[in-house]
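Q: So that we are looking at the same thing, I have put the structure below in structure tokens.
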Amino acid sequence: MLEALQSPAQTTYWLISGRVLFPLLNLIGLACFAYIVTWRLTPLIQGERDFRFDRPFIRLERLLQFWLGQWKHPRYRVAGTIHILIFAGFILLATRAFSLLILGISENFALPDSASGVGRVYEIVADYAATIVFLCMVIAAVRRIVFKPARYEVPARYGKSHKVDAIFLLALIAFLMLSESLFEASKAASLTQQGQPEFLATFSLAWILQNALSSVSQSKLWDLHRSAYLLDVLTFYFLLCYRPFGIQFHVETSLFNVYFAKLDRGTVKPVRWGVSDEHLDQVKSFGVKKFEDFTWKHMLDFYSCADCGRCSDNCPANAAGRPLSPRFLTIKARDYSFQHYPMFGSPSDGTPLIGSIYSEDEIWSCTTCGACEEECPLMIEYIDKIVDLRRGLVDDGNVPKSIQKALKALESRGNPYGKMEKKKADWIKDKEFQPTCEVKVLDGKKTADTLYFVDSITSYDDRMQAIGRATAKILDHVGENFGILGAAEKDSGHEVRRFGEETLFMALRDHNVEAIKASGVQRIVTADPHAYNALKHDYKDVPPVEHISQVIAREVKSGNIKLNPVENADDVYTYHDPCYLGRHNQVYDDPRDVLDAIPGLKRVEMSRCRDRSFCCGGGGLMLFYEPKEEQRMGVKRVQMAAEAGANVIVTACPFCMVNMEDAIKVAGMEGKMTAIDLTELVDKHIARETKKTERAEQFAESAKCLTV
Amino acid sequence: MEILVCVRRVPDTSENEIQLNSAGNDIERDDLVYSINEPDNYAVEEALQIAAKAGGNVTVVTVGGEDDEEVLRREMAMGANHGVLISDDAFGGSDGRGIATILKAFVQKGHYDLILTGIQAEDGGAQVGGMLAALLDYPFASLVNAITVLDGGKLKVSREIEGGNREMNEIDLPCVLSIQTGINEPRYVGMRGIRQVASVEIPTFGASDLGVDTGTVGEAGAKVKRVDYFVPALGKGAEILQGSQEQIIDKLIELMKAKGGLN
């Protein structure tokens, strides 16, 4: 009698026929899952609009890269590899899990057909996949219990440890793999005993179990077989329905989260999708104040978080001890949404998010450096949420006093320092500089091809004016016909927007766009990455813009700029990537190429560099904010430079310069560490013997490619 | 509770470089940016907070010209229910008593339980609040840095005393209070808020509307006249303490004790 060959559908469990039991279990399981998911989708329907349905091919490509290709996972070598294996295992096992469930309804069902060659191969692959997933669960649990990576820790202010929940979920998956394998192994052992040898994938979990069961009696095997099946089905549905209550919901949501992820770097979401600037006045409330003010995609982000802690592990605000952790920004919102939209009963009254789950300091602590978003394997967005929450704070008048002053000055004077407009171009009148480099002010009487957009800090700050002058001298050296707007240039408004003051930003932007258009220039150059990002992404209808490092790199390559050997050959240089040049605009190589073009310059990389660069402390209005922190980000950064063995930090942003120079003093590293801007370094090393007219011709040639 | 806050538009000291005009009797006003007098902004915020708790309306009033509407709108964007401009050619050149006389006439046309002013105008003399109270025969408290509404038409107010001490007073309504900065954290008013009240009608009252005798106000009635305005010459430079760190610290403590900074 070949009892073990019977499919579960043909058996009875406690007097209930499998034919009744399994269809019922499937139905109940699916119904529960459908109910839960519907409830989870409710807030998304209540949420704000978010336009994510454009550019399907780019989205598909990114889906292949970041979801199927697990592109960001290897950034964390061990955890990433484990995840890739589990993910691949799940993808491979999806078909078998499906056929196993059907087996309870229709005996001998298998997809692909187990009799076919493909079916045989698939079974072997699936056996190994289940084994690997099982092992990964064990390794992951050991990591959690024994090695305890710091990024999984839950600081006391954010509640209890997530360890038990994480391990419970790992155990459930491991159990699922075990029950699947046992189901197969018991059948194989039974058949083998009955003289129909069944071969399972060697060294797979099923194979090991089969061998272990080789001498177990037929009736025991039969019991094991049908019990394994029942447990497998129960575990499968339990897991399916439990996942939407915690971190494993990403198994379902990640596909959508990655597909609908933000495509445009460096941009900020509009106040309301589908409402044009002209109609913004009709929007009653700005920003996010209550949960439903989040867009549906941002709510999906909350569901999709896998609690891996990579965001916070890279967040400079978190590292400096500011009251901000991107991970908990998400986790807190998710927990709130679960409470706010309970599984049974109607949604509770919403509370304002600030003051309940978030604090004002938390929301102002972010420098919008983008390290969290760069790292997140699930493409969760943070900057847009922070900006939206700030918009809500600004709309309610809750702005720290120090920032209020700067905003007020921006409104009346067009710069955060409250300096007079007519003094904006004073930096070009420096006694030593003016005779060597005449800078035109494009006031309608004078014209130029290129606009050097200086922005507030470089115009007014005594120290940063040196960056302005170095930039002007470089542009002059390459024969560029350039000028500045002078009093007509207002602050780019880059941080104004990112601090949530959209209306003021729009006023600054509109003023500048008009001034730029009136100047008649064909292109824009700036040495300030924040201005660069604003002109490139926040402004519309302005000529193409380049950062000075891109101009220098091109001119060095073309031979237009020749550089003398490094002044002090003993110095060791390191390049600090400004967030708005690097991460937000992907300009990593140009500044490095320029440094490497200085003969004899020794350059080292900090362990955090390029897309993992560590924010200096933030620019623009962040300089006016008095954060609650244990240590300055800048101090951490200069220590990283020292660890890398450097004694000169080169950066390409005036705000980085402020923070680095302050940090060097605070860290007591004066004399041991210096900071210099790329333009200053290049200006010092330019070989100035070639004739200017010759260079102008060369420049016109190389600049053509940009204007075309 | 009906609350009136008297506000003023002044050159913003943090955003201007104040220079003398060529005549030497006033500052150069061509390139100036103006804003709400900062202490007045605290007074409005306090009024809004009281009204939010105790109910009622907040009205902001200023004596000035068309340009001064700007600060009324800013305070209305903050949440003030009404703005009133008191403007008349005859009011130009009023001294502190003149302004208080004009405001008194306005107060008497309405029913206000509480009148707030800033502790002083940044370009003024901290006179109007006290004078207004005297002219109205209302009780007055100055340097107020906390207000609690009590039952029975009374307030409990805290006044700042030199050295950081506080004095608590009970004061009967209606009364006039001059508000110290730091009493609260005034809310931010963005461009959006101002735009939303841009088209709200602001009533204007002149001398005849208020029944003010023009002989008692304006230049004619002023008994205090500005005769000069100057920027004092810079004093000696800062003293740099010399010596080892310990010596510097000792000297610093000694100096601070001598100047009363340490007890």
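Letters A, B, ... mark the chains of the structure tokens in the order given; residue numbers begin at 1 per chain; ligand numbers begin at 1, in order shown.
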Could you list, as a ChimeraX atom specification, every residue within 6 Å of stretch 214-230 of chain B, counting only C-alpha atoms and ignoring same-chain residues fewer than 3 positions away?
A: /B:25-26,90-95,98
Q: Considering only C-alpha atoms, extract the chain B residues located within 6 Å of chain A and return them as a ChimeraX atom specification.
A: /B:15,187-189,191-192
Q: Excluding A:Ser348 and residues on its chain fewer than 3 positions from it, collect all residues at most 12 Å away from it, counting only C-alpha atoms, and give them as an NGL selection string.
A: :A and (43 or 291 or 336-345 or 351)
Q: Among the residues of stretch 2-140 of chain B, find those DSSP assigns to alpha helix (DSSP H) from the backbone and print them as a ChimeraX atom specification.
A: /B:38-54,69-78,96-109,128-136
Q: DSSP on the backbone: which residues in stretch 31-252 of chain B end up as strand (DSSP E)? Give the answer as an NGL selection string.
A: :B and (34-36 or 58-63 or 82-86 or 114-118 or 140-150 or 154-161 or 165-172 or 175-179 or 204-205)
Q: Store the residues of this selection in a file with N, CA and C atoms, as a compact mmCIF listing (two decimals), in the first residue's frame.
A:
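part07.txt written:
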```txt
# COMPACT_ATOMS: atom_id res chain seq x y z
N TYR B 34 12.19 98.53 6.65
CA TYR B 34 11.44 98.72 7.88
C TYR B 34 10.80 97.41 8.30
N SER B 35 10.51 97.32 9.56
CA SER B 35 9.75 96.15 10.00
C SER B 35 8.97 96.53 11.25
N ILE B 36 8.24 95.59 11.74
CA ILE B 36 7.49 95.82 12.98
C ILE B 36 8.50 96.03 14.11
N VAL B 58 -8.42 90.49 18.83
CA VAL B 58 -7.21 91.29 18.93
C VAL B 58 -7.22 92.32 17.80
N THR B 59 -7.07 93.58 18.17
CA THR B 59 -6.99 94.64 17.17
C THR B 59 -5.61 95.27 17.26
N VAL B 60 -4.99 95.48 16.10
CA VAL B 60 -3.70 96.18 16.10
C VAL B 60 -3.91 97.57 15.52
N VAL B 61 -3.27 98.54 16.11
CA VAL B 61 -3.45 99.92 15.66
C VAL B 61 -2.08 100.58 15.56
N THR B 62 -1.94 101.45 14.58
CA THR B 62 -0.70 102.22 14.49
C THR B 62 -1.02 103.64 14.06
N VAL B 63 -0.20 104.55 14.52
CA VAL B 63 -0.33 105.94 14.10
C VAL B 63 0.79 106.17 13.09
N HIS B 82 -8.31 92.46 13.61
CA HIS B 82 -8.52 93.74 12.93
C HIS B 82 -7.25 94.56 12.94
N GLY B 83 -7.12 95.39 11.90
CA GLY B 83 -6.02 96.35 11.86
C GLY B 83 -6.61 97.73 11.63
N VAL B 84 -6.07 98.72 12.31
CA VAL B 84 -6.58 100.09 12.16
C VAL B 84 -5.40 101.03 11.97
N LEU B 85 -5.52 101.87 10.95
CA LEU B 85 -4.48 102.86 10.70
C LEU B 85 -5.01 104.22 11.12
N ILE B 86 -4.25 104.91 11.95
CA ILE B 86 -4.63 106.27 12.33
C ILE B 86 -3.68 107.19 11.61
N LEU B 114 -8.15 95.33 27.44
CA LEU B 114 -6.71 95.27 27.69
C LEU B 114 -5.99 95.97 26.53
N ILE B 115 -5.05 96.83 26.89
CA ILE B 115 -4.28 97.53 25.87
C ILE B 115 -2.81 97.19 26.09
N LEU B 116 -2.18 96.70 25.03
CA LEU B 116 -0.77 96.33 25.13
C LEU B 116 0.06 97.23 24.22
N THR B 117 1.26 97.53 24.69
CA THR B 117 2.25 98.17 23.81
C THR B 117 3.53 97.39 23.99
N GLY B 118 4.46 97.57 23.07
CA GLY B 118 5.79 97.01 23.28
C GLY B 118 6.47 97.84 24.35
N PHE B 140 -1.50 100.79 35.02
CA PHE B 140 -0.42 100.53 34.06
C PHE B 140 0.66 99.68 34.71
N ALA B 141 1.18 98.73 33.94
CA ALA B 141 2.37 97.99 34.39
C ALA B 141 3.35 97.93 33.23
N SER B 142 4.59 98.18 33.53
CA SER B 142 5.60 98.16 32.47
C SER B 142 6.48 96.93 32.61
N LEU B 143 7.29 96.67 31.60
CA LEU B 143 8.26 95.55 31.62
C LEU B 143 7.61 94.21 31.94
N VAL B 144 6.42 94.01 31.40
CA VAL B 144 5.66 92.80 31.74
C VAL B 144 6.25 91.59 31.00
N ASN B 145 6.56 90.54 31.74
CA ASN B 145 7.12 89.36 31.08
C ASN B 145 6.32 88.08 31.34
N ALA B 146 5.13 88.22 31.90
CA ALA B 146 4.19 87.08 31.97
C ALA B 146 2.82 87.63 32.33
N ILE B 147 1.78 87.06 31.72
CA ILE B 147 0.41 87.50 32.01
C ILE B 147 -0.46 86.27 32.25
N THR B 148 -1.22 86.28 33.34
CA THR B 148 -2.23 85.24 33.56
C THR B 148 -3.57 85.94 33.76
N VAL B 149 -4.59 85.41 33.08
CA VAL B 149 -5.92 85.99 33.24
C VAL B 149 -6.56 85.39 34.48
N LEU B 150 -7.00 86.26 35.42
CA LEU B 150 -7.68 85.79 36.63
C LEU B 150 -9.18 86.02 36.48
N LYS B 154 -9.53 90.64 36.46
CA LYS B 154 -8.17 90.95 36.92
C LYS B 154 -7.15 90.14 36.12
N LEU B 155 -5.94 90.67 36.11
CA LEU B 155 -4.82 89.93 35.53
C LEU B 155 -3.75 89.77 36.59
N LYS B 156 -2.97 88.69 36.45
CA LYS B 156 -1.77 88.60 37.26
C LYS B 156 -0.61 88.83 36.30
N VAL B 157 0.18 89.83 36.57
CA VAL B 157 1.29 90.10 35.65
C VAL B 157 2.61 90.03 36.39
N SER B 158 3.59 89.54 35.67
CA SER B 158 4.93 89.48 36.23
C SER B 158 5.75 90.58 35.56
N ARG B 159 6.52 91.31 36.38
CA ARG B 159 7.36 92.37 35.83
C ARG B 159 8.81 92.02 36.04
N GLU B 160 9.62 92.40 35.06
CA GLU B 160 11.04 92.10 35.17
C GLU B 160 11.71 93.18 36.00
N ILE B 161 12.47 92.75 36.98
CA ILE B 161 13.20 93.67 37.84
C ILE B 161 14.68 93.52 37.53
N ASN B 165 15.26 89.47 38.63
CA ASN B 165 14.18 89.11 39.56
C ASN B 165 12.82 89.41 38.93
N ARG B 166 11.81 88.87 39.53
CA ARG B 166 10.45 89.08 39.02
C ARG B 166 9.56 89.60 40.13
N GLU B 167 8.66 90.46 39.76
CA GLU B 167 7.70 91.00 40.72
C GLU B 167 6.32 90.62 40.21
N MET B 168 5.49 90.03 41.07
CA MET B 168 4.16 89.63 40.63
C MET B 168 3.13 90.68 41.09
N ASN B 169 2.25 91.04 40.19
CA ASN B 169 1.24 92.05 40.52
C ASN B 169 -0.13 91.57 40.08
N GLU B 170 -1.12 92.00 40.82
CA GLU B 170 -2.49 91.86 40.32
C GLU B 170 -2.91 93.21 39.80
N ILE B 171 -3.56 93.21 38.67
CA ILE B 171 -3.94 94.49 38.08
C ILE B 171 -5.38 94.41 37.58
N ASP B 172 -6.14 95.47 37.79
CA ASP B 172 -7.54 95.47 37.37
C ASP B 172 -7.66 95.78 35.89
N CYS B 175 -6.74 97.85 31.57
CA CYS B 175 -5.43 98.39 31.94
C CYS B 175 -4.53 98.46 30.72
N VAL B 176 -3.41 99.11 30.91
CA VAL B 176 -2.40 99.19 29.84
C VAL B 176 -1.15 98.48 30.35
N LEU B 177 -0.59 97.63 29.49
CA LEU B 177 0.65 96.93 29.86
C LEU B 177 1.69 97.17 28.78
N SER B 178 2.91 97.44 29.19
CA SER B 178 3.98 97.48 28.17
C SER B 178 4.78 96.19 28.29
N ILE B 179 4.94 95.54 27.17
CA ILE B 179 5.41 94.14 27.13
C ILE B 179 6.91 94.07 26.87
N THR B 204 -9.14 103.54 8.09
CA THR B 204 -8.24 104.63 8.46
C THR B 204 -9.04 105.70 9.19
N PHE B 205 -8.50 106.16 10.28
CA PHE B 205 -9.15 107.24 11.03
C PHE B 205 -8.25 108.47 11.03
```
Q: From the options A:Val258, A:Cys315, A:Leu178, A:Cys616, which residue's atoms come nearest to A:Trp71, counting only C-alpha atoms?
A: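 Smallest distance to A:Trp71 is found for A:Val258.
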Q: So, with only C-alpha atoms as the atoms that count, which of B:Ser208, B:Ser22, B:Asn41, B:Gln196 lies closest to B:Gln180?
A: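 Result for the nearest residue to B:Gln180: B:Asn41.
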Q: List the neighbours of A:Ser214 out to 7 Å using only C-alpha atoms; skip same-chain residues closer than 3 positions along the sequence, and give me the result as an MDAnalysis selection string.
A: chainID A and resid 189 210:211
Q: Tell me which protein, DNA and RNA residues are within 9 Å of stretch 466-480 of chain A, counting only C-alpha atoms, leaving out same-chain ones fewer than 2 positions away, and put them as a PDB file with N, CA and C atoms, in the first residue's frame.
A:
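Writing done, so here's selection_14.pdb:
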```
ATOM      1  N   TRP A 427      32.802  92.645  -2.887  1.00  0.00           N
ATOM      2  CA  TRP A 427      33.947  91.720  -2.917  1.00  0.00           C
ATOM      3  C   TRP A 427      34.831  91.893  -4.150  1.00  0.00           C
ATOM      4  N   ILE A 428      34.279  92.459  -5.197  1.00  0.00           N
ATOM      5  CA  ILE A 428      35.114  92.627  -6.410  1.00  0.00           C
ATOM      6  C   ILE A 428      35.974  93.883  -6.304  1.00  0.00           C
ATOM      7  N   ASP A 430      38.003  94.606  -3.848  1.00  0.00           N
ATOM      8  CA  ASP A 430      39.175  94.378  -3.003  1.00  0.00           C
ATOM      9  C   ASP A 430      40.417  95.013  -3.654  1.00  0.00           C
ATOM     10  N   PHE A 433      42.764  92.670  -5.444  1.00  0.00           N
ATOM     11  CA  PHE A 433      42.115  91.860  -6.482  1.00  0.00           C
ATOM     12  C   PHE A 433      41.732  92.697  -7.701  1.00  0.00           C
ATOM     13  N   THR A 436      43.928  93.205 -10.739  1.00  0.00           N
ATOM     14  CA  THR A 436      44.311  92.000 -11.483  1.00  0.00           C
ATOM     15  C   THR A 436      43.139  91.390 -12.234  1.00  0.00           C
ATOM     16  N   CYS A 437      41.936  91.682 -11.784  1.00  0.00           N
ATOM     17  CA  CYS A 437      40.784  91.006 -12.390  1.00  0.00           C
ATOM     18  C   CYS A 437      39.559  91.908 -12.292  1.00  0.00           C
ATOM     19  N   GLU A 438      39.195  92.485 -13.391  1.00  0.00           N
ATOM     20  CA  GLU A 438      38.028  93.373 -13.415  1.00  0.00           C
ATOM     21  C   GLU A 438      36.780  92.516 -13.622  1.00  0.00           C
ATOM     22  N   VAL A 439      35.852  92.598 -12.674  1.00  0.00           N
ATOM     23  CA  VAL A 439      34.620  91.817 -12.813  1.00  0.00           C
ATOM     24  C   VAL A 439      33.473  92.748 -13.211  1.00  0.00           C
ATOM     25  N   ALA A 448      27.459  90.056 -20.924  1.00  0.00           N
ATOM     26  CA  ALA A 448      28.459  88.985 -20.917  1.00  0.00           C
ATOM     27  C   ALA A 448      27.820  87.703 -21.421  1.00  0.00           C
ATOM     28  N   ASP A 449      28.664  86.714 -21.776  1.00  0.00           N
ATOM     29  CA  ASP A 449      28.135  85.416 -22.221  1.00  0.00           C
ATOM     30  C   ASP A 449      27.745  84.570 -21.014  1.00  0.00           C
ATOM     31  N   THR A 450      28.570  84.710 -19.974  1.00  0.00           N
ATOM     32  CA  THR A 450      28.419  83.816 -18.828  1.00  0.00           C
ATOM     33  C   THR A 450      28.123  84.615 -17.569  1.00  0.00           C
ATOM     34  N   TYR A 452      28.366  84.598 -13.590  1.00  0.00           N
ATOM     35  CA  TYR A 452      28.861  83.949 -12.386  1.00  0.00           C
ATOM     36  C   TYR A 452      27.844  84.256 -11.293  1.00  0.00           C
ATOM     37  N   VAL A 454      26.936  84.253  -7.751  1.00  0.00           N
ATOM     38  CA  VAL A 454      27.819  84.233  -6.581  1.00  0.00           C
ATOM     39  C   VAL A 454      27.115  83.668  -5.349  1.00  0.00           C
ATOM     40  N   THR A 458      29.042  83.875  -0.404  1.00  0.00           N
ATOM     41  CA  THR A 458      30.284  84.250  -1.067  1.00  0.00           C
ATOM     42  C   THR A 458      30.340  85.762  -1.309  1.00  0.00           C
ATOM     43  N   SER A 459      29.178  86.376  -1.446  1.00  0.00           N
ATOM     44  CA  SER A 459      29.145  87.821  -1.658  1.00  0.00           C
ATOM     45  C   SER A 459      29.451  88.592  -0.382  1.00  0.00           C
ATOM     46  N   ASP A 462      33.282  87.658   4.711  1.00  0.00           N
ATOM     47  CA  ASP A 462      34.667  88.075   4.442  1.00  0.00           C
ATOM     48  C   ASP A 462      35.543  86.923   3.978  1.00  0.00           C
ATOM     49  N   ARG A 463      35.440  85.788   4.667  1.00  0.00           N
ATOM     50  CA  ARG A 463      36.288  84.658   4.333  1.00  0.00           C
ATOM     51  C   ARG A 463      35.895  84.070   2.970  1.00  0.00           C
ATOM     52  N   MET A 464      34.579  83.945   2.742  1.00  0.00           N
ATOM     53  CA  MET A 464      34.126  83.269   1.525  1.00  0.00           C
ATOM     54  C   MET A 464      34.303  84.136   0.279  1.00  0.00           C
ATOM     55  N   PHE A 482      32.616  86.984 -18.691  1.00  0.00           N
ATOM     56  CA  PHE A 482      31.626  86.747 -17.639  1.00  0.00           C
ATOM     57  C   PHE A 482      31.345  88.005 -16.827  1.00  0.00           C
ATOM     58  N   GLY A 483      30.265  87.948 -16.095  1.00  0.00           N
ATOM     59  CA  GLY A 483      29.912  89.050 -15.207  1.00  0.00           C
ATOM     60  C   GLY A 483      29.052  88.543 -14.062  1.00  0.00           C
ATOM     61  N   THR A 526      28.631  78.660 -11.201  1.00  0.00           N
ATOM     62  CA  THR A 526      28.619  79.030  -9.792  1.00  0.00           C
ATOM     63  C   THR A 526      29.632  78.176  -9.039  1.00  0.00           C
ATOM     64  N   ALA A 527      30.115  78.692  -7.932  1.00  0.00           N
ATOM     65  CA  ALA A 527      31.052  77.918  -7.111  1.00  0.00           C
ATOM     66  C   ALA A 527      30.355  77.409  -5.859  1.00  0.00           C
ATOM     67  N   ILE A 548      31.739  75.315 -10.857  1.00  0.00           N
ATOM     68  CA  ILE A 548      33.091  75.725 -11.272  1.00  0.00           C
ATOM     69  C   ILE A 548      34.038  74.534 -11.392  1.00  0.00           C
ATOM     70  N   VAL A 551      33.867  73.244 -14.815  1.00  0.00           N
ATOM     71  CA  VAL A 551      34.552  74.127 -15.758  1.00  0.00           C
ATOM     72  C   VAL A 551      36.057  73.892 -15.665  1.00  0.00           C
ATOM     73  N   ILE A 552      36.557  73.869 -14.431  1.00  0.00           N
ATOM     74  CA  ILE A 552      38.011  73.705 -14.256  1.00  0.00           C
ATOM     75  C   ILE A 552      38.468  72.365 -14.839  1.00  0.00           C
ATOM     76  N   GLU A 555      38.660  72.546 -18.521  1.00  0.00           N
ATOM     77  CA  GLU A 555      39.749  73.404 -18.982  1.00  0.00           C
ATOM     78  C   GLU A 555      41.117  72.779 -18.721  1.00  0.00           C
ATOM     79  N   ASN A 560      43.768  74.229 -21.334  1.00  0.00           N
ATOM     80  CA  ASN A 560      43.554  75.663 -21.155  1.00  0.00           C
ATOM     81  C   ASN A 560      44.052  76.141 -19.802  1.00  0.00           C
ATOM     82  N   ILE A 561      43.932  75.249 -18.825  1.00  0.00           N
ATOM     83  CA  ILE A 561      44.499  75.554 -17.516  1.00  0.00           C
ATOM     84  C   ILE A 561      45.676  74.608 -17.316  1.00  0.00           C
ATOM     85  N   CYS A 653      32.672  74.047  -1.751  1.00  0.00           N
ATOM     86  CA  CYS A 653      31.420  74.655  -1.315  1.00  0.00           C
ATOM     87  C   CYS A 653      31.727  75.635  -0.182  1.00  0.00           C
ATOM     88  N   PRO A 654      31.221  76.863  -0.280  1.00  0.00           N
ATOM     89  CA  PRO A 654      31.517  77.841   0.776  1.00  0.00           C
ATOM     90  C   PRO A 654      30.970  77.426   2.141  1.00  0.00           C
ATOM     91  N   ASP A 677      39.335  75.779  -0.468  1.00  0.00           N
ATOM     92  CA  ASP A 677      38.367  75.529  -1.525  1.00  0.00           C
ATOM     93  C   ASP A 677      39.113  75.153  -2.803  1.00  0.00           C
ATOM     94  N   LEU A 678      38.475  74.321  -3.601  1.00  0.00           N
ATOM     95  CA  LEU A 678      39.093  73.876  -4.853  1.00  0.00           C
ATOM     96  C   LEU A 678      39.512  75.069  -5.706  1.00  0.00           C
ATOM     97  N   THR A 679      38.665  76.107  -5.748  1.00  0.00           N
ATOM     98  CA  THR A 679      38.990  77.277  -6.580  1.00  0.00           C
ATOM     99  C   THR A 679      40.234  77.982  -6.046  1.00  0.00           C
ATOM    100  N   GLU A 680      40.342  78.064  -4.724  1.00  0.00           N
ATOM    101  CA  GLU A 680      41.514  78.722  -4.136  1.00  0.00           C
ATOM    102  C   GLU A 680      42.783  77.936  -4.454  1.00  0.00           C
ATOM    103  N   LEU A 681      42.653  76.624  -4.355  1.00  0.00           N
ATOM    104  CA  LEU A 681      43.816  75.774  -4.619  1.00  0.00           C
ATOM    105  C   LEU A 681      44.242  75.891  -6.083  1.00  0.00           C
ATOM    106  N   VAL A 682      43.269  75.871  -6.970  1.00  0.00           N
ATOM    107  CA  VAL A 682      43.571  75.968  -8.401  1.00  0.00           C
ATOM    108  C   VAL A 682      44.158  77.344  -8.700  1.00  0.00           C
ATOM    109  N   ASP A 683      43.542  78.387  -8.153  1.00  0.00           N
ATOM    110  CA  ASP A 683      44.033  79.742  -8.382  1.00  0.00           C
ATOM    111  C   ASP A 683      45.504  79.867  -7.965  1.00  0.00           C
ATOM    112  N   LYS A 684      45.833  79.210  -6.843  1.00  0.00           N
ATOM    113  CA  LYS A 684      47.226  79.269  -6.359  1.00  0.00           C
ATOM    114  C   LYS A 684      48.193  78.545  -7.289  1.00  0.00           C
ATOM    115  N   ILE A 686      47.676  77.883 -10.711  1.00  0.00           N
ATOM    116  CA  ILE A 686      47.565  78.120 -12.157  1.00  0.00           C
ATOM    117  C   ILE A 686      48.889  78.652 -12.714  1.00  0.00           C
ATOM    118  N   ARG A 688      50.374  80.893 -15.175  1.00  0.00           N
ATOM    119  CA  ARG A 688      49.745  82.011 -15.872  1.00  0.00           C
ATOM    120  C   ARG A 688      50.612  82.588 -16.984  1.00  0.00           C
ATOM    121  N   LYS A 692      46.334  85.418 -23.120  1.00  0.00           N
ATOM    122  CA  LYS A 692      44.914  85.386 -22.818  1.00  0.00           C
ATOM    123  C   LYS A 692      44.043  85.142 -24.057  1.00  0.00           C
ATOM    124  N   THR A 693      44.401  85.787 -25.187  1.00  0.00           N
ATOM    125  CA  THR A 693      43.561  85.673 -26.396  1.00  0.00           C
ATOM    126  C   THR A 693      43.546  84.238 -26.893  1.00  0.00           C
ATOM    127  N   GLU A 694      44.706  83.626 -26.828  1.00  0.00           N
ATOM    128  CA  GLU A 694      44.837  82.234 -27.255  1.00  0.00           C
ATOM    129  C   GLU A 694      43.895  81.340 -26.428  1.00  0.00           C
ATOM    130  N   ARG A 695      43.890  81.614 -25.136  1.00  0.00           N
ATOM    131  CA  ARG A 695      43.044  80.834 -24.249  1.00  0.00           C
ATOM    132  C   ARG A 695      41.564  81.073 -24.518  1.00  0.00           C
ATOM    133  N   ALA A 696      41.248  82.328 -24.835  1.00  0.00           N
ATOM    134  CA  ALA A 696      39.851  82.663 -25.098  1.00  0.00           C
ATOM    135  C   ALA A 696      39.314  81.856 -26.260  1.00  0.00           C
ATOM    136  N   GLU A 697      40.168  81.703 -27.311  1.00  0.00           N
ATOM    137  CA  GLU A 697      39.738  80.926 -28.479  1.00  0.00           C
ATOM    138  C   GLU A 697      39.497  79.473 -28.090  1.00  0.00           C
ATOM    139  N   GLN A 698      40.456  78.961 -27.341  1.00  0.00           N
ATOM    140  CA  GLN A 698      40.322  77.565 -26.902  1.00  0.00           C
ATOM    141  C   GLN A 698      39.069  77.373 -26.054  1.00  0.00           C
ATOM    142  N   PHE A 699      38.819  78.355 -25.203  1.00  0.00           N
ATOM    143  CA  PHE A 699      37.674  78.241 -24.305  1.00  0.00           C
ATOM    144  C   PHE A 699      36.372  78.236 -25.085  1.00  0.00           C
ATOM    145  N   ALA A 700      36.293  79.177 -26.061  1.00  0.00           N
ATOM    146  CA  ALA A 700      35.080  79.279 -26.868  1.00  0.00           C
ATOM    147  C   ALA A 700      34.802  77.934 -27.523  1.00  0.00           C
TER     148      ALA A 700
END
```
Q: I'd like the contact shell of A:Glu180 - 8 Å cut-off, only C-alpha atoms, skipping same-chain residues fewer than 6 positions apart - returned as a PyMOL selection string.
A: chain A and resi 228-229+232
Q: Store the residues of this selection in a file with C-alpha atoms, as a JSON list (two decimals), in the first residue's frame.
A:
```json
[["chain", "number", "residue", "atom", "x", "y", "z"],
["A", 228, "ALA", "CA", 4.27, 18.84, 7.48],
["A", 229, "TYR", "CA", 1.81, 19.83, 4.83],
["A", 232, "ASP", "CA", 3.35, 24.48, 5.94]]
```
Q: Name the closest residue to A:Gly246 among the candidates A:Arg40, A:Ile132, A:Phe453, A:Phe260; distances are taken between atoms, counting only C-alpha atoms.
A: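 Checking each candidate against A:Gly246, we get A:Arg40 as the closest.
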Q: Counting only C-alpha atoms, what is within 8 Å of B:Ile18, bar same-chain residues fewer than 4 positions away, as a VMD selection string?
A: chain B and resid 13 27 to 28
Q: Taking into account only C-alpha atoms, which residue in the set A:Leu300, A:Val271, A:Ala642, A:Ile58 is nearest to A:Arg390?
A: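 So, comparing all the options, the nearest one is A:Val271.
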Q: Report, in Å with one decimal, the straight-line distance from atom CA of A:Phe22 to atom CA of A:Asn108.
A: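 About the pair atom CA of A:Phe22 and atom CA of A:Asn108: they are 14.3 Å apart.
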